[in-house]
Amino acid sequence: MKTGRNDPCPCGSAKKYKNCCMDAISKQNSALLDDISQVTAMNPNLTHDELDLVLQQKAFAQNNRPIADFCGLSPAQMANWLYAPFNELNCVAISPPDDLSSSPVMRYLEVILDEAMAQNGSFKATSKGNLPTKLVKQASGLLPEFAVAQFSTNISISEYAGSNEDKFNALHYTRILAELSGIIYRKSGSYHVKKAAQKQYQSQGLTAFFLPMLEAAITKYNWGYLDSWEHDAVLSTFWLFMLWRLQSHASVDELIDEVATAFPDLLHQFPADKYRTPQAQLGMGIDSRFLKRFLQFWGFITLDPKRLFAEPREPRKVQIQPLLTQTFKFTI
């Protein structure tokens, strides 16, 4: 279906098409038409079928040529990574690792499932609808087993441990993903594991839920839910491009530059103020939503928790964990 001028732009910017990518696409179409005009001028006797074949070849070449701003990806490949369903992504194989013990999200899910299975498939929620204290304490006790960056000072809300679910972000995130992916549901004051999920857990173990949880984290979960960042930029659309680049160089600064170059319309969502440039604000979003509360929660990376724009400015690198390279194998 053709995108209308007033429709949301397919790039995911949440802006109208006419105010976002329409001009760039129009320029590409104009260049293609210019090429066709030259071909017809030089070959006036081309039949309709021959002209149609030339058009297809020109369009294919344009859509599959490497683009420097895309770090060498073609427009066709980039479009696949931005818009294709999770199970139709090209040039990357996504598979569950053999060992999930280093993934906070998956280990917390295991705690939830084991508690339910020990009680015939369900357990009682708190009066607020949270996970019970007993389960929270079990999950908190797993922290020493994870490769997570340690904070040098105490903080009021911890990502990987807490006294209750409200003060335990990674556990809360895991519970939400389990609901979004259809593994558990809440009814009549209790959490229940679906019958089908119980059978999967018994026959396949935790591995059965890795891909459904990952897909829910990317396609269903609101990445801005756990932070206080004021901008509503949709970064989840660009997750695979960001992951590919980070896996190649592990540099936070390079990643921010590459995203700003490949998707300049994202910067329009961050009006400049006296404190930070639009690119600096984009960097804050990538740091909070992609690095800390996606890749770290899953155990794919560790990241020094110092402030992204603290002074003196130091280059930031992530530590790529084996879980990431085992899960995502790129063939670019």
# chains A, B, ... in the order shown; residues from 1 in each chain; ligands from 1
$ select_by_dssp --residues "segment 66-259 of chain A" --states "strand (DSSP E)" --output "number ranges by chain"
A: 92-94, 122-124, 184-187, 190-193
$ write_last_selection --atoms "N, CA and C atoms" --output "PDB file, in the first residue's frame"
ATOM      1  N   VAL A  92      20.958 -12.309   9.157  1.00  0.00           N
ATOM      2  CA  VAL A  92      21.226 -12.553  10.572  1.00  0.00           C
ATOM      3  C   VAL A  92      20.477 -13.816  10.982  1.00  0.00           C
ATOM      4  N   ALA A  93      21.166 -14.676  11.692  1.00  0.00           N
ATOM      5  CA  ALA A  93      20.534 -15.867  12.262  1.00  0.00           C
ATOM      6  C   ALA A  93      20.404 -15.658  13.762  1.00  0.00           C
ATOM      7  N   ILE A  94      19.181 -15.820  14.274  1.00  0.00           N
ATOM      8  CA  ILE A  94      18.916 -15.615  15.698  1.00  0.00           C
ATOM      9  C   ILE A  94      18.493 -16.953  16.294  1.00  0.00           C
ATOM     10  N   SER A 122       0.301 -22.079  39.210  1.00  0.00           N
ATOM     11  CA  SER A 122      -0.045 -20.688  39.555  1.00  0.00           C
ATOM     12  C   SER A 122       0.469 -20.343  40.945  1.00  0.00           C
ATOM     13  N   PHE A 123       0.529 -19.051  41.236  1.00  0.00           N
ATOM     14  CA  PHE A 123       0.863 -18.578  42.580  1.00  0.00           C
ATOM     15  C   PHE A 123       0.168 -17.241  42.806  1.00  0.00           C
ATOM     16  N   LYS A 124      -0.025 -16.912  44.053  1.00  0.00           N
ATOM     17  CA  LYS A 124      -0.790 -15.712  44.410  1.00  0.00           C
ATOM     18  C   LYS A 124       0.053 -14.457  44.222  1.00  0.00           C
ATOM     19  N   ILE A 184       2.596 -16.270  30.763  1.00  0.00           N
ATOM     20  CA  ILE A 184       1.840 -16.184  32.004  1.00  0.00           C
ATOM     21  C   ILE A 184       0.704 -15.178  31.846  1.00  0.00           C
ATOM     22  N   TYR A 185      -0.256 -15.237  32.743  1.00  0.00           N
ATOM     23  CA  TYR A 185      -1.333 -14.244  32.786  1.00  0.00           C
ATOM     24  C   TYR A 185      -1.819 -14.131  34.223  1.00  0.00           C
ATOM     25  N   ARG A 186      -2.436 -12.995  34.541  1.00  0.00           N
ATOM     26  CA  ARG A 186      -2.952 -12.784  35.899  1.00  0.00           C
ATOM     27  C   ARG A 186      -4.467 -12.885  35.884  1.00  0.00           C
ATOM     28  N   LYS A 187      -4.999 -13.624  36.816  1.00  0.00           N
ATOM     29  CA  LYS A 187      -6.441 -13.793  36.933  1.00  0.00           C
ATOM     30  C   LYS A 187      -6.796 -14.104  38.373  1.00  0.00           C
ATOM     31  N   SER A 190      -4.045 -14.073  41.070  1.00  0.00           N
ATOM     32  CA  SER A 190      -2.918 -15.005  40.965  1.00  0.00           C
ATOM     33  C   SER A 190      -2.307 -14.942  39.572  1.00  0.00           C
ATOM     34  N   TYR A 191      -1.040 -15.331  39.502  1.00  0.00           N
ATOM     35  CA  TYR A 191      -0.370 -15.492  38.212  1.00  0.00           C
ATOM     36  C   TYR A 191      -0.433 -16.961  37.813  1.00  0.00           C
ATOM     37  N   HIS A 192      -0.783 -17.193  36.561  1.00  0.00           N
ATOM     38  CA  HIS A 192      -0.928 -18.544  36.041  1.00  0.00           C
ATOM     39  C   HIS A 192      -0.001 -18.729  34.846  1.00  0.00           C
ATOM     40  N   VAL A 193       0.598 -19.900  34.746  1.00  0.00           N
ATOM     41  CA  VAL A 193       1.350 -20.270  33.549  1.00  0.00           C
ATOM     42  C   VAL A 193       0.392 -21.012  32.629  1.00  0.00           C
TER      43      VAL A 193
END
$ select_by_dssp --residues "segment 20-233 of chain A" --states "alpha helix (DSSP H)" --output "ChimeraX atom specification"
/A:22-42,48-63,75-83,104-117,133-140,169-180,195-204,210-219
$ residues_around --residues "Ser140 of chain A" --least-positions-apart "3" --cutoff "8 Å" --atoms "only C-alpha atoms" --output "MDAnalysis selection string"
chainID A and resid 136:137 143 160:162
$ residues_around --residues "segment 104-107 of chain A" --least-positions-apart "4" --cutoff "10 Å" --atoms "only C-alpha atoms" --output "PyMOL selection string"
chain A and resi 100+111-113+139+142-143+145-148+160+170-175+177-178+206-207+209-210+213-214+294+296-300
$ write_last_selection --atoms "C-alpha atoms" --output "compact mmCIF listing (two decimals), in the first residue's frame"
# COMPACT_ATOMS: atom_id res chain seq x y z
CA LEU A 100 21.07 -19.29 29.48
CA VAL A 111 12.26 -18.40 38.99
CA ILE A 112 8.71 -17.37 38.02
CA LEU A 113 8.01 -20.61 36.19
CA ALA A 139 15.55 -13.47 42.06
CA LEU A 142 20.95 -14.46 41.61
CA LEU A 143 22.83 -11.14 41.21
CA GLU A 145 25.93 -14.99 39.12
CA PHE A 146 25.52 -12.28 36.47
CA ALA A 147 28.19 -10.29 34.62
CA VAL A 148 26.70 -6.86 35.33
CA TYR A 160 19.11 -6.48 39.27
CA ALA A 170 14.89 -6.22 35.51
CA LEU A 171 12.47 -8.56 37.30
CA HIS A 172 9.51 -6.28 36.56
CA TYR A 173 10.62 -6.10 32.92
CA THR A 174 10.82 -9.90 32.79
CA ARG A 175 7.31 -10.33 34.21
CA LEU A 177 7.65 -9.75 28.77
CA ALA A 178 6.32 -13.07 30.05
CA LEU A 206 13.79 -22.60 29.51
CA THR A 207 15.09 -22.55 25.94
CA PHE A 209 10.79 -19.25 25.72
CA PHE A 210 13.97 -17.46 24.65
CA MET A 213 10.51 -13.37 25.04
CA LEU A 214 13.08 -11.71 22.76
CA PHE A 294 17.62 -4.12 26.68
CA GLN A 296 22.19 -5.51 29.71
CA PHE A 297 18.93 -6.98 31.00
CA TRP A 298 19.36 -9.88 28.58
CA GLY A 299 23.02 -10.42 29.48
CA PHE A 300 24.28 -9.51 26.01
$ atom_distance --atom1 "atom CA of Leu180 of chain A" --atom2 "atom CA of Pro97 of chain A"
21.7 Å
$ residues_around --residues "Ser288 of chain A" --least-positions-apart "6" --cutoff "10 Å" --atoms "only C-alpha atoms" --output "MDAnalysis selection string"
chainID A and resid 223:224 226:229 294 308
$ residues_around --residues "segment 235-242 of chain A" --least-positions-apart "3" --cutoff "8 Å" --atoms "only C-alpha atoms" --output "list in words"
Cys11, Gly12, Met78, Trp81, Leu82, Tyr83, Ile218, Thr219, Trp223, Arg245, Leu246, Leu255, Val259, Gly285, Ile286, Arg289 and Phe290 of chain A
